[in-house]
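Have a look at the structure below, then the notes.
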Amino acid sequence: MPMFQPLKRDGLVGFEGGGDGQVLDLDTAVKDGLLGGVNGGGVPDEKLDLKTMIKELDLQDIPSVFICPISLEPMQDPVTLCTGQTYERSNIHRWFSLGHLTCPTTMQELWDDAVTPNRTLHHLIYTWFSQKYVLMKKRSEDVQGRAIEVLGTLRKAKGQGRVHALSELKQIVVAHLMARKTVVEEGGVSLISSLLGPFTSHAVGSEVVAILVSLDLDSDSKSGLMQPAKVSLIVDMLNDGSNETKVNCVRLIRGLVEEKGFRPELVSSHSLLVGLMRLVKDKRHRYGVSPALGLLKPISAHKQVRSLMVRVGAVPQLVDVLPSLDPDCLESALFVLDALCSDMEGRVAVKDSANTIPYTVKVLMRVTESCTNYALSILWSVCKLAPEECSPLAVEVGLAAKLLLVIQSGCDPALKQRSAELLKLCSLHYSDTMFISKCRLTRTIQ
């Protein structure tokens, strides 16, 4: 952190830290761009509020000399102490109000508690931020104009011209917040959504979906997308599109599912579930796993969807991927399996999956409390359904010892109660001596 030294030079207060130790004045610093400003720029004619500029720009690469050592935020009213260190006025006054009579950075005792406004530094800060702010506003206006122009082209374009217009619009809205706002304000959502239909090519459809997932859609826009023909096209692209298109389709459907007017029959589709499970199992492109499981979570709340998931063989597929999932995805997968256990056919399918018991027992007390909760609920469902078949198998893979760990931990009391009940259920198939031997932690820890 450069040390500011109030010095008189041609009637101006200067500061050290210009790179070669020389004392800089305002004009030299701005002209030479030593603080990262826009070359050749000056303070704009229009008076801009520094606080507003700092907030709206939200920059990360701010010169360190502009940062207050106390708050680590850009200074708006810099003042210099007798030690030469500069701070934001409100921050150093707060430091003094706590009874400190030292410099926060050097911890030197102050022989004078007066503060001197560092006007040169304030001008440099203002100039740097105002140049960045004006440039941002100009770029925003350019992007806004280009977005309106492309929307106009899209209204008239057909065939390959439509694909090119959509591709350009996608690049703009993905890169610029102002473009996204402009598309929404100019009625672009209804225009773009109207391009989805039973005869839409996947080339057009993939660009449309990529644009829509980038926009902040309101309830009316989402309701318009809930037409069966549009959903059917999106599901087709989920199965046959590129990996990027598949993920975009999942995210768009997820947005529709969260809407109040959503109808479960829209996602009670064999093709949709098959497409989602392909993403979950894809070992080459793992970035589709989280969005796919994120969609399976809400739709598994509907009985007709759960029934269809059982019929398409989703249960053993979900169970088999459990060991390869990261904690967030693992929690989602366990959530879905637990939801499937709420129906008899789902419980039977979960029980019949060969890896259900060993994989869920392994999860207990290994990841998060939520994962433990879902895994315990799944184990309770299958052991309750077929105690003579499942309980001994669960105990053999270390369930009893894991349940004792849960009971002795500081987790939720309801989770401890469920663990005690499951432990009691498992103990019914062993003599006391044998069951105690199964509760040893050695194998569990190994």
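Every chain in the structure tokens takes a letter, A first, then B, and so on in the order presented; its residues are numbered from 1, and the ligands are numbered from 1 following the presented order.
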Polymer residues at most 12 Å from segment 156-164 of chain A, only C-alpha atoms, same-chain spacing of 5 or more positions, as an MDAnalysis selection string: chainID A and resid 149:151 169:171 191:192 195 200:208
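In terms of minimum interatomic distance to Pro323 of chain A, A:Val361 ranks closest within A:Val361, A:Ile378, A:Ala292, A:Val350, counting only C-alpha atoms.
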Among listed residues A:Gly241, A:Asp412, A:Ile234, A:Cys383, nearest Leu272 of chain A (using only C-alpha atoms): A:Ile234
Contacts of segment 110-122 of chain A within 7 Å, only C-alpha atoms, excl. fewer than 2 positions in-chain, as a ChimeraX atom specification: /A:13-14,26,76-82,101-103,108,124-126
